[in-house]
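The file entry-v1.cif comes next; it holds mmCIF, C-alpha atoms.
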data_query
loop_
_atom_site.label_atom_id
_atom_site.label_comp_id
_atom_site.auth_asym_id
_atom_site.auth_seq_id
_atom_site.Cartn_x
_atom_site.Cartn_y
_atom_site.Cartn_z
CA MET A 217 0.00 0.00 0.00
CA GLY A 218 1.35 3.40 -0.90
CA ASP A 219 2.08 6.17 1.55
CA ILE A 220 -1.27 7.90 2.13
CA SER A 221 0.45 11.13 3.15
CA SER A 222 2.20 11.36 -0.21
CA THR A 223 -0.99 10.94 -2.21
CA ALA A 224 -3.36 13.03 -0.13
CA THR A 225 -4.68 16.11 -1.85
CA ALA A 226 -3.56 19.31 -0.20
CA ALA A 227 -6.34 21.29 1.42
CA ALA A 228 -7.57 24.06 -0.81
CA PRO A 229 -6.81 27.55 0.47
CA LYS A 230 -9.73 29.34 2.09
CA GLN A 231 -11.68 31.55 -0.28
CA HIS A 232 -12.30 34.83 1.47
CA LYS A 233 -15.66 36.56 1.10
CA TRP A 234 -15.87 40.17 0.00
CA ILE A 235 -18.44 42.93 -0.14
CA LYS A 236 -17.08 45.98 -1.93
CA HIS A 237 -13.99 47.16 0.06
CA TYR A 238 -14.40 44.70 2.93
CA SER A 239 -13.50 41.05 3.49
CA ASP A 240 -14.00 38.50 6.21
CA PHE A 241 -10.24 38.53 6.85
CA HIS A 242 -10.31 42.24 7.80
CA LYS A 243 -10.76 43.21 11.41
CA ILE A 244 -13.40 45.91 10.99
CA LEU A 245 -14.56 48.69 13.31
CA LEU A 246 -17.83 50.41 12.36
CA VAL A 247 -18.64 53.66 14.14
CA GLY A 248 -21.71 55.86 14.24
CA GLU A 249 -24.09 53.01 13.37
CA GLY A 250 -27.78 53.97 13.28
CA ASP A 251 -29.99 50.89 13.13
CA PHE A 252 -26.93 48.64 12.60
CA SER A 253 -28.10 47.66 9.12
CA PHE A 254 -24.70 48.39 7.57
CA ALA A 255 -23.03 46.03 10.03
CA LEU A 256 -25.65 43.39 9.25
CA SER A 257 -25.10 43.84 5.50
CA LEU A 258 -21.40 43.04 5.92
CA ALA A 259 -22.09 40.16 8.30
CA THR A 260 -24.60 38.62 5.90
CA ALA A 261 -22.11 38.82 3.04
CA PHE A 262 -19.40 37.17 5.16
CA GLY A 263 -21.70 34.60 6.74
CA SER A 264 -20.33 35.68 10.11
CA ALA A 265 -19.70 38.86 12.10
CA SER A 266 -16.86 37.53 14.22
CA ASN A 267 -14.45 39.99 12.57
CA ILE A 268 -16.71 43.02 13.13
CA VAL A 269 -16.96 45.46 16.02
CA ALA A 270 -20.02 47.68 15.51
CA THR A 271 -20.59 50.74 17.68
CA SER A 272 -23.11 53.50 18.25
CA LEU A 273 -23.08 56.78 20.14
CA ASP A 274 -26.53 55.99 21.55
CA SER A 275 -27.19 53.48 24.29
CA GLN A 276 -28.89 50.21 23.36
CA VAL A 277 -32.16 51.49 24.81
CA GLU A 278 -31.93 54.65 22.69
CA VAL A 279 -31.04 52.74 19.52
CA ILE A 280 -34.04 50.43 19.86
CA ALA A 281 -36.35 53.33 20.67
CA LYS A 282 -35.21 55.38 17.66
CA TYR A 283 -35.03 52.75 14.92
CA SER A 284 -37.81 50.31 14.13
CA ARG A 285 -35.52 47.54 12.81
CA ALA A 286 -32.70 47.98 15.29
CA GLU A 287 -33.75 45.33 17.80
CA ARG A 288 -33.98 42.67 15.10
CA ASN A 289 -30.70 43.78 13.51
CA LEU A 290 -28.88 43.65 16.84
CA LYS A 291 -30.24 40.19 17.55
CA GLU A 292 -29.06 38.87 14.18
CA LEU A 293 -25.64 40.43 14.61
CA LYS A 294 -25.18 38.84 18.02
CA GLU A 295 -26.16 35.48 16.59
CA LYS A 296 -23.49 35.94 13.93
CA GLY A 297 -20.82 36.70 16.54
CA CYS A 298 -20.58 40.49 16.22
CA THR A 299 -19.08 42.54 19.05
CA ILE A 300 -21.55 45.37 19.70
CA ILE A 301 -20.62 48.35 21.85
CA HIS A 302 -22.93 51.26 22.60
CA GLN A 303 -22.16 54.75 23.88
CA VAL A 304 -18.91 55.06 21.96
CA ASP A 305 -17.76 58.63 21.23
CA VAL A 306 -15.69 58.69 18.04
CA HIS A 307 -13.44 61.40 19.52
CA THR A 308 -12.39 59.24 22.48
CA MET A 309 -13.04 55.69 21.29
CA ASN A 310 -9.44 54.53 21.67
CA LYS A 311 -9.82 55.17 25.41
CA HIS A 312 -12.99 53.10 25.70
CA PRO A 313 -12.41 50.16 28.08
CA LEU A 314 -13.57 47.62 25.48
CA LEU A 315 -11.46 49.15 22.70
CA LEU A 316 -8.31 49.97 24.64
CA LEU A 317 -5.23 48.80 22.70
CA ALA A 318 -7.43 47.30 19.95
CA THR A 319 -6.29 47.78 16.34
CA PHE A 320 -8.25 47.38 13.12
CA ASP A 321 -7.66 46.85 9.42
CA ARG A 322 -10.64 48.99 8.45
CA ILE A 323 -12.30 51.74 10.49
CA VAL A 324 -15.49 52.89 8.78
CA PHE A 325 -17.72 55.93 9.32
CA ASN A 326 -20.63 56.35 6.91
CA PHE A 327 -22.06 59.84 6.51
CA PRO A 328 -20.59 61.54 9.61
CA HIS A 329 -22.61 64.56 10.67
CA ALA A 330 -22.34 67.01 13.54
CA SER A 331 -25.44 68.36 15.28
CA LEU A 332 -27.31 70.66 12.91
CA ILE A 333 -27.40 74.18 14.35
CA TRP A 334 -27.22 76.30 11.21
CA ARG A 335 -28.06 75.53 7.58
CA GLU A 336 -25.77 73.06 5.84
CA HIS A 337 -24.15 75.71 3.62
CA ASP A 338 -23.43 78.06 6.54
CA LEU A 339 -19.70 78.38 7.20
CA LEU A 340 -20.24 77.92 10.94
CA GLN A 341 -22.07 74.65 10.36
CA ILE A 342 -19.39 73.46 7.94
CA GLY A 343 -16.84 74.26 10.62
CA LEU A 344 -18.72 72.09 13.11
CA HIS A 345 -18.77 69.21 10.64
CA GLN A 346 -15.06 69.60 9.96
CA GLU A 347 -14.15 69.55 13.63
CA PHE A 348 -16.33 66.47 14.14
CA VAL A 349 -14.71 64.55 11.28
CA ARG A 350 -11.22 65.75 12.20
CA GLY A 351 -11.68 64.45 15.74
CA PHE A 352 -12.83 61.07 14.45
CA MET A 353 -9.91 60.76 12.05
CA ARG A 354 -7.38 61.76 14.70
CA ASN A 355 -8.67 59.07 17.03
CA ALA A 356 -9.06 56.42 14.33
CA ARG A 357 -5.45 56.90 13.22
CA GLU A 358 -4.31 55.65 16.63
CA MET A 359 -6.35 52.45 16.23
CA LEU A 360 -5.10 51.24 12.85
CA SER A 361 -3.18 48.05 12.26
CA VAL A 362 0.05 48.19 10.26
CA ARG A 363 -1.82 48.16 6.94
CA GLY A 364 -5.04 49.63 8.26
CA GLU A 365 -7.26 52.16 6.50
CA VAL A 366 -9.80 54.75 7.58
CA HIS A 367 -12.88 54.94 5.35
CA VAL A 368 -15.33 57.85 5.33
CA THR A 369 -18.39 57.76 3.09
CA HIS A 370 -19.42 61.32 2.30
CA LYS A 371 -21.55 63.30 -0.13
CA ASP A 372 -19.67 64.84 -3.05
CA ALA A 373 -22.13 67.61 -3.91
CA TYR A 374 -22.27 71.19 -2.58
CA PRO A 375 -22.15 72.16 0.27
CA PHE A 376 -20.72 68.87 1.54
CA CYS A 377 -17.73 69.08 -0.78
CA ASN A 378 -16.69 72.15 1.21
CA TRP A 379 -15.87 69.97 4.20
CA GLU A 380 -12.58 69.17 2.40
CA ILE A 381 -12.29 65.62 3.70
CA GLU A 382 -8.85 65.07 2.17
CA ARG A 383 -7.40 68.15 3.87
CA LEU A 384 -8.84 67.09 7.23
CA ALA A 385 -7.18 63.68 6.91
CA GLU A 386 -3.82 65.18 6.03
CA ALA A 387 -4.00 67.50 9.04
CA VAL A 388 -4.27 64.60 11.51
CA GLY A 389 -1.55 62.42 10.00
CA LEU A 390 -3.48 60.34 7.48
CA HIS A 391 -1.03 61.37 4.78
CA ASN A 392 -1.77 58.59 2.30
CA PHE A 393 -4.94 59.34 0.36
CA ILE A 394 -5.55 55.93 -1.18
CA GLY A 395 -8.43 57.26 -3.27
CA LYS A 396 -12.18 57.51 -3.37
CA GLU A 397 -14.78 55.34 -5.00
CA GLY A 398 -18.43 56.01 -5.72
CA PHE A 399 -20.83 54.69 -3.09
CA GLU A 400 -24.13 53.10 -4.09
CA MET A 401 -26.66 51.83 -1.56
CA TRP A 402 -27.43 48.71 -3.62
CA GLN A 403 -23.85 47.56 -3.13
CA TYR A 404 -24.73 46.82 0.51
CA PRO A 405 -27.99 44.81 0.49
CA GLY A 406 -30.17 45.57 3.49
CA TYR A 407 -28.37 48.78 4.44
CA GLN A 408 -30.67 51.68 5.27
CA ASN A 409 -29.00 54.98 6.07
CA LYS A 410 -30.65 56.89 8.93
CA ARG A 411 -30.83 60.50 10.01
CA GLY A 412 -28.66 61.44 12.95
CA TYR A 413 -31.18 63.92 14.29
CA GLY A 414 -34.87 64.79 14.07
CA ARG A 415 -36.84 62.06 12.30
CA TYR A 416 -34.38 59.34 13.27
CA ASP A 417 -36.02 56.36 11.62
CA GLU A 418 -36.15 58.00 8.21
CA SER A 419 -33.51 57.71 5.51
CA PHE A 420 -32.06 60.73 3.76
CA PRO A 421 -31.18 61.11 0.06
CA VAL A 422 -27.48 60.39 -0.37
CA GLY A 423 -27.20 61.70 -3.92
CA ARG A 424 -23.71 61.50 -5.38
CA CYS A 425 -21.32 60.28 -2.72
CA SER A 426 -18.04 58.44 -2.34
CA THR A 427 -16.05 56.35 0.09
CA PHE A 428 -12.76 58.16 0.85
CA LYS A 429 -9.91 55.88 1.93
CA PHE A 430 -6.89 57.00 3.95
CA ALA A 431 -3.85 55.53 5.66
CA PRO A 432 -1.00 57.12 7.62
CA TYR A 433 1.73 56.14 5.10
#

Mind turning this structure into structure tokens?
Amino acid sequence: MGDISSTATAAAPKQHKWIKHYSDFHKILLVGEGDFSFALSLATAFGSASNIVATSLDSQVEVIAKYSRAERNLKELKEKGCTIIHQVDVHTMNKHPLLLLATFDRIVFNFPHASLIWREHDLLQIGLHQEFVRGFMRNAREMLSVRGEVHVTHKDAYPFCNWEIERLAEAVGLHNFIGKEGFEMWQYPGYQNKRGYGRYDESFPVGRCSTFKFAPY
């Protein structure tokens, strides 16, 4: 009888699963989640959420109260192995007890938005948005793995283009602008963007928008 070990077929390499920019081999941090439908879209594509940490600024009670599908989404994510953390401020998240010393391959913030005090085109309001995004990027930079990237999905049209996302990234040490790619909702089945204020459970028109990708080097 021949040597079985010499004739055995080598195990095929694992085929990783992708959805747009993200794969099941990335360690992913999602911030500013509304009803957690973006996290669930990724988890469904991967077949698991064990590589995902999904966070919200709101408490769990607030998330469920604001968004009609949130409770079901959270339940499904937990069943898929997602780490869910509530009450995470994007300006101080690297100091959060459950995120302390954690690093990620992808840190993702879709449609960041500061509290709306003035009209969107007002320079004071744009300044608030810029400070909000700058604070997130500064903190996210400290949480990246060696080849990690920060992704911000943002509207391209006026007045949102005046936020100057690329300049904000450069100012906090994300010197490598990897590029931007058009964002389409259909690319993430099940994702429903939500307002960050006012009529929380409603979506807003995203229009022309892109995912901006940055790294320190």

Find the spatial neighbours of A:Val306, counting only C-alpha atoms, within a cut-off of 10 Å - ignore same-chain residues fewer than 3 positions away - and output them as a PyMOL selection string.
chain A and resi 247-248+271-273+303+309-310+312+325+348-349+351-356

Could you pull the residues within 8 Å of A:Gly406, counting all atoms listed in the file, minus those fewer than 4 positions along the same chain, as a ChimeraX atom specification?
/A:253-254,256-257

Once 4 Å is added on each side, what centre and edge lengths in Å to one decimal does the axis-aligned box around all listed atoms of stretch 368-379 of chain A have, as JSON?
{"center_x": -18.8, "center_y": 65.0, "center_z": 0.7, "size_x": 14.9, "size_y": 22.4, "size_z": 17.2}

One-decimal distance in Å that lies between atom CA of A:His242 and atom CA of A:Glu380:
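That distance, rounded to one decimal, is 27.6 Å.
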
The PyMOL selection byres ((chain A and resi 291) around 12) applied to the shown file, residues as a ChimeraX atom specification:
/A:251-253,255-256,265,276,280,285-290,292-300

Quote the spacing between atom CA of A:Pro313 and atom CA of A:Tyr407 in Å to one decimal place.
28.6 Å

May I ask for the distance between atom CA of A:Trp379 and atom CA of A:Ser331, given in Å to one decimal place?
14.7 Å

Which of these, A:Phe428, A:Phe320, A:Tyr238, A:Phe420, has the shortest distance to A:Arg357 once you count only C-alpha atoms?
A:Phe320

Find the residues around A:Lys410 up to 9 Å (all atoms listed in the file counted), leave out those fewer than 2 positions away in its own chain, and share them as a PDB file with C-alpha atoms, in the coordinates of the input.
ATOM      1  CA  GLU A 249     -24.090  53.010  13.370  1.00  0.00           C
ATOM      2  CA  GLY A 250     -27.780  53.970  13.280  1.00  0.00           C
ATOM      3  CA  ASP A 251     -29.990  50.890  13.130  1.00  0.00           C
ATOM      4  CA  TYR A 283     -35.030  52.750  14.920  1.00  0.00           C
ATOM      5  CA  GLN A 408     -30.670  51.680   5.270  1.00  0.00           C
ATOM      6  CA  GLY A 412     -28.660  61.440  12.950  1.00  0.00           C
ATOM      7  CA  TYR A 413     -31.180  63.920  14.290  1.00  0.00           C
ATOM      8  CA  ARG A 415     -36.840  62.060  12.300  1.00  0.00           C
ATOM      9  CA  TYR A 416     -34.380  59.340  13.270  1.00  0.00           C
ATOM     10  CA  ASP A 417     -36.020  56.360  11.620  1.00  0.00           C
ATOM     11  CA  GLU A 418     -36.150  58.000   8.210  1.00  0.00           C
ATOM     12  CA  SER A 419     -33.510  57.710   5.510  1.00  0.00           C
ATOM     13  CA  PHE A 420     -32.060  60.730   3.760  1.00  0.00           C
TER      14      PHE A 420
END

From the list A:Ile301, A:Pro375, A:Ala387, A:Ala281, which residue is nearest A:Leu339 when using only C-alpha atoms?
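Once distances to A:Leu339 are computed over only C-alpha atoms, the minimum belongs to A:Pro375.
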
Determine the residue membership of the PyMOL selection byres ((chain A and resi 390) around 9) for the file above and supply it as a VMD selection string.
chain A and resid 353 to 354 357 366 382 384 to 389 391 to 393 430 to 433

Extract, using all atoms listed in the file, all DNA, RNA and protein residues at most 9 Å from A:Glu397, discarding same-chain residues fewer than 4 positions from it, and format them as a list in words.
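After dropping sequence-adjacent residues, the list is Cys425, Ser426, Thr427, Phe428 and Lys429 of chain A.
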
Target residues per the PyMOL selection byres ((chain A and resi 399) around 12), formatted as a CSV table (one decimal) with C-alpha atoms, in the coordinates of the input:
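Final output, saved to selection_21.csv:
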chain,number,residue,atom,x,y,z
A,236,LYS,CA,-17.1,46.0,-1.9
A,237,HIS,CA,-14.0,47.2,0.1
A,326,ASN,CA,-20.6,56.4,6.9
A,327,PHE,CA,-22.1,59.8,6.5
A,367,HIS,CA,-12.9,54.9,5.4
A,368,VAL,CA,-15.3,57.8,5.3
A,369,THR,CA,-18.4,57.8,3.1
A,370,HIS,CA,-19.4,61.3,2.3
A,371,LYS,CA,-21.6,63.3,-0.1
A,372,ASP,CA,-19.7,64.8,-3.0
A,396,LYS,CA,-12.2,57.5,-3.4
A,397,GLU,CA,-14.8,55.3,-5.0
A,398,GLY,CA,-18.4,56.0,-5.7
A,400,GLU,CA,-24.1,53.1,-4.1
A,401,MET,CA,-26.7,51.8,-1.6
A,402,TRP,CA,-27.4,48.7,-3.6
A,403,GLN,CA,-23.8,47.6,-3.1
A,404,TYR,CA,-24.7,46.8,0.5
A,422,VAL,CA,-27.5,60.4,-0.4
A,423,GLY,CA,-27.2,61.7,-3.9
A,424,ARG,CA,-23.7,61.5,-5.4
A,425,CYS,CA,-21.3,60.3,-2.7
A,426,SER,CA,-18.0,58.4,-2.3
A,427,THR,CA,-16.0,56.4,0.1
A,428,PHE,CA,-12.8,58.2,0.8

Using only C-alpha atoms, find the one residue out of A:Phe262, A:Leu314, A:His232, A:His329 that sits nearest to A:Gln341.
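Ranked by minimum distance to A:Gln341, first place goes to A:His329.
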
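Closest approach to A:Gly395 from the set A:Leu344, A:Ile244, A:Ser284, A:Glu365 is made by A:Glu365, with distances taken over all atoms listed in the file.
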